[in-house]
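Novice: Handing you a structure now.
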Amino acid sequence: MKEVMIKAISLSNAKRTFMSVMLWLVIACVALLFAPQTLLEKLALAEVVTQYSFIIGLGLIIGAAYFLSQLVSFIADESIQYLRQKRTVETIEAKVKLLDPAERALLREFFLQGATILALPQNELAVKSLLHTNILEKLGNERHYAIQGPTAEYKISMPARIYLNRDVLRLPAGEPTQEELSHLLKARPHFINGLVQPRKHAA
C-alpha cells in the first residue's frame with residue numbers, strides 16, 4: 001500500500017513538472033515570436049529568432065496542442081462525471097419508489113439505532129439490492145463468521161439521504177406509540193440482533 005502511494009505521488013509530481021515545462025515552452029515561444037523587433041535586437045535575439053523561427057513556431061504548436069488536449073480531457077472527464085451522477089440519482093429515485101418491506105426495514109435501522117454506519121451481512125438480498133442501486137455505500141471493514149457469513153460496514157449514500165424521509169420509511173411523525181413501536185420492532189430485519197454494530201456516527 002505504501003509503495004502504491006509513493007508511485008502515485010511520484011507520477012503526480014512528474015505530471016506537474018511536465019506541465020510546468022510545457023507552460024514555459026509556450027510562454028518562451030510566444031515571447032520570441034511576438035516580441036517587438038527592437039526589443040529582440042536589444043537582447044541580441046533577433047538573429048536567433050529569424051534563424052530558428054520554424055523550430056520556435058513548432059514548439060508553440062506542440063505546447064498549445066498539449067494544453068488543448070488537457071482542456072478536452074478535462075471537459076470529457078467532467079461530462080462523464082456529470083452523467084454518472086445523474087444516472088446515480090435517477091437510479092436512486094426509481095428504487096425509492098419501489099422499496100420492498102425488507103429493504104425499507106433495513107433502511108429504518110439507521111434511524112432506529114441513530115447510527116450512520118451499520119454492520120450488515122453482505123449476502124443478504126436487501127443489502128445487495130440497495131448497494132446495487134446506490135442507496136447503500138460499502139465502507140469496508142469486512143469480517144467473516146462461520147454462522148452468519150461475511151459482513152461489512154455500510155452507510156446510506158449522500159445522494160440517497162434526501163429521498164429517505166419518514167414517509168418513505170414509514171416511520172411515525174413524532175414519538176411512536178407503544179403499538180407503533182411494537183410494529184417497528186416486529187418488522188426489523190431478522191439478522192440485526194445477531195450482529196455487532198460499530199456504533200459510529202461519522203458521515
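Convention: chains lettered A, B, ... in C-alpha cells order; per-chain residue numbering from 1; ligands numbered from 1 as shown.
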Need the shell around range 79-86 of chain A: protein/DNA/RNA residues with any atom at most 10 Å away, counting only C-alpha atoms. Skip same-chain ones fewer than 6 positions apart. Format as a list in words?
Specialist: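 Residues near the query, excluding close chain neighbours: Ser73, Ile92 and Pro159 of chain A.
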Novice: Based on the selection just made, write C-alpha atoms of those residues as a PDB file, in the first residue's frame.
Specialist:
```
ATOM      1  CA  SER A  73      -9.688  15.739 -21.433  1.00  0.00           C
ATOM      2  CA  ILE A  92     -31.989   6.108  -6.524  1.00  0.00           C
ATOM      3  CA  PRO A 159     -27.297  11.300  -2.791  1.00  0.00           C
TER       4      PRO A 159
END
```
Novice: Using Å and a single decimal, report how far CA of Leu106 in chain A sits from CA of Leu120 in chain A.
Specialist: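 Computing the Euclidean distance for CA of Leu120 in chain A and CA of Leu106 in chain A yields 9.2 Å.
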Novice: Could you pull out the strand (DSSP E or B) residues of range 75-198 of chain A from DSSP and send them as a list in words?
Specialist: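 Strand (DSSP E or B) assignments inside range 75-198 of chain A correspond to Ile117, Leu118, Ala119, Leu120, Pro121, Leu136, Glu137, Lys138, Leu139, Gly140, Asn141, Glu142, Arg143, His144, Tyr145, Gly149, Pro150, Thr151, Ala152, Glu153, Tyr154, Lys155 and Ile156 of chain A.
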Novice: Could those selected residues go to a file with C-alpha atoms, as an mmCIF file, in the first residue's frame?
Specialist:
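The file below, part_29.cif, is the result:
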```cif
data_model
loop_
_atom_site.group_PDB
_atom_site.id
_atom_site.type_symbol
_atom_site.label_atom_id
_atom_site.label_comp_id
_atom_site.auth_asym_id
_atom_site.auth_seq_id
_atom_site.Cartn_x
_atom_site.Cartn_y
_atom_site.Cartn_z
ATOM 1 C CA ILE A 117 -22.801 3.202 9.925
ATOM 2 C CA LEU A 118 -24.145 -0.324 10.374
ATOM 3 C CA ALA A 119 -22.517 -3.721 10.027
ATOM 4 C CA LEU A 120 -24.673 -5.738 7.624
ATOM 5 C CA PRO A 121 -24.467 -9.213 6.052
ATOM 6 C CA LEU A 136 -26.165 1.997 0.385
ATOM 7 C CA GLU A 137 -22.437 2.604 0.242
ATOM 8 C CA LYS A 138 -19.968 -0.051 1.340
ATOM 9 C CA LEU A 139 -17.209 1.223 3.615
ATOM 10 C CA GLY A 140 -15.204 -1.970 4.074
ATOM 11 C CA ASN A 141 -14.096 -3.496 7.388
ATOM 12 C CA GLU A 142 -15.200 -6.916 6.178
ATOM 13 C CA ARG A 143 -15.475 -9.783 8.641
ATOM 14 C CA HIS A 144 -16.245 -13.439 8.151
ATOM 15 C CA TYR A 145 -18.281 -15.504 10.578
ATOM 16 C CA GLY A 149 -21.409 -15.335 6.867
ATOM 17 C CA PRO A 150 -19.422 -12.277 5.714
ATOM 18 C CA THR A 151 -20.374 -8.815 6.969
ATOM 19 C CA ALA A 152 -19.170 -5.320 6.154
ATOM 20 C CA GLU A 153 -19.893 -1.789 7.262
ATOM 21 C CA TYR A 154 -22.350 0.255 5.221
ATOM 22 C CA LYS A 155 -23.819 3.736 5.274
ATOM 23 C CA ILE A 156 -26.595 5.459 3.373
#
```
Novice: Pull the closest atom pair for each residue of range 115-151 of chain A that gets at most 12 Å from range 99-105 of chain A, along with the distance in Å to one decimal, counting only C-alpha atoms, ordering rows by chain and then ascending residue number, as a Markdown table.
Specialist:
```
| residue | atom | partner | partner_atom | distance |
| --- | --- | --- | --- | --- |
| A:Glu124 | CA | A:Ala102 | CA | 10.0 |
| A:Leu125 | CA | A:Glu103 | CA | 8.7 |
| A:Ala126 | CA | A:Glu103 | CA | 5.1 |
| A:Val127 | CA | A:Glu103 | CA | 7.5 |
| A:Lys128 | CA | A:Glu103 | CA | 9.8 |
| A:Ser129 | CA | A:Glu103 | CA | 8.1 |
| A:Leu130 | CA | A:Glu103 | CA | 7.2 |
| A:Leu131 | CA | A:Glu103 | CA | 10.7 |
| A:Thr133 | CA | A:Leu99 | CA | 10.9 |
| A:Ile135 | CA | A:Glu103 | CA | 10.3 |
| A:Leu136 | CA | A:Glu103 | CA | 10.6 |
```
Novice: Selection from above, N, CA, C and O atoms, as a tab-separated table (two decimals), in the first residue's frame, can you write it?
Specialist:
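Output contents, as saved in selection23.tsv:
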```tsv
chain	number	residue	atom	x	y	z
A	124	GLU	N	-26.99	-10.77	2.16
A	124	GLU	CA	-28.42	-10.51	2.30
A	124	GLU	C	-28.94	-9.83	1.03
A	124	GLU	O	-28.35	-8.88	0.52
A	125	LEU	N	-30.08	-10.33	0.51
A	125	LEU	CA	-30.61	-9.80	-0.75
A	125	LEU	C	-30.93	-8.31	-0.67
A	125	LEU	O	-30.69	-7.57	-1.62
A	126	ALA	N	-31.49	-7.88	0.46
A	126	ALA	CA	-31.84	-6.46	0.62
A	126	ALA	C	-30.59	-5.59	0.58
A	126	ALA	O	-30.58	-4.51	-0.01
A	127	VAL	N	-29.52	-6.07	1.21
A	127	VAL	CA	-28.26	-5.33	1.21
A	127	VAL	C	-27.70	-5.23	-0.21
A	127	VAL	O	-27.29	-4.16	-0.65
A	128	LYS	N	-27.69	-6.35	-0.91
A	128	LYS	CA	-27.17	-6.37	-2.28
A	128	LYS	C	-27.97	-5.43	-3.19
A	128	LYS	O	-27.40	-4.70	-4.00
A	129	SER	N	-29.29	-5.46	-3.04
A	129	SER	CA	-30.15	-4.63	-3.88
A	129	SER	C	-29.93	-3.14	-3.63
A	129	SER	O	-29.81	-2.34	-4.56
A	130	LEU	N	-29.86	-2.77	-2.35
A	130	LEU	CA	-29.66	-1.35	-2.00
A	130	LEU	C	-28.27	-0.87	-2.37
A	130	LEU	O	-28.07	0.30	-2.71
A	131	LEU	N	-27.30	-1.77	-2.31
A	131	LEU	CA	-25.94	-1.41	-2.73
A	131	LEU	C	-25.89	-1.23	-4.25
A	131	LEU	O	-25.28	-0.28	-4.75
A	133	THR	N	-28.22	-0.34	-6.25
A	133	THR	CA	-28.98	0.83	-6.69
A	133	THR	C	-28.47	2.12	-6.04
A	133	THR	O	-29.17	3.14	-6.04
A	135	ILE	N	-28.12	3.19	-3.06
A	135	ILE	CA	-28.71	3.73	-1.83
A	135	ILE	C	-27.79	3.47	-0.65
A	135	ILE	O	-27.62	4.33	0.23
A	136	LEU	N	-27.17	2.30	-0.63
A	136	LEU	CA	-26.17	2.00	0.38
A	136	LEU	C	-24.77	2.13	-0.22
A	136	LEU	O	-24.57	1.90	-1.40
```
Novice: Give the helix (DSSP H, G or I) residues of range 39-172 of chain A, as assigned by DSSP on the backbone, as a count of residues only.
Specialist: 82
Novice: Under the rule that only C-alpha atoms are counted, which of A:Phe34, A:Val26, A:Asn165, A:Leu107 is the nearest residue to Gly63 in chain A?
Specialist: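 Among the listed residues, the smallest separation from Gly63 in chain A belongs to A:Val26.
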Novice: Between A:Ile75, A:Ala64, A:Ala187, A:Ile55, which one has atoms that come closest to Leu33 in chain A, using only C-alpha atoms?
Specialist: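 The shortest atom-to-atom distance to Leu33 in chain A comes from A:Ile55.
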Novice: Between CA of Phe111 in chain A and CA of Gln178 in chain A, measure the distance and give it in Å to one decimal.
Specialist: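 We find that CA of Phe111 in chain A and CA of Gln178 in chain A lie 17.5 Å from each other.
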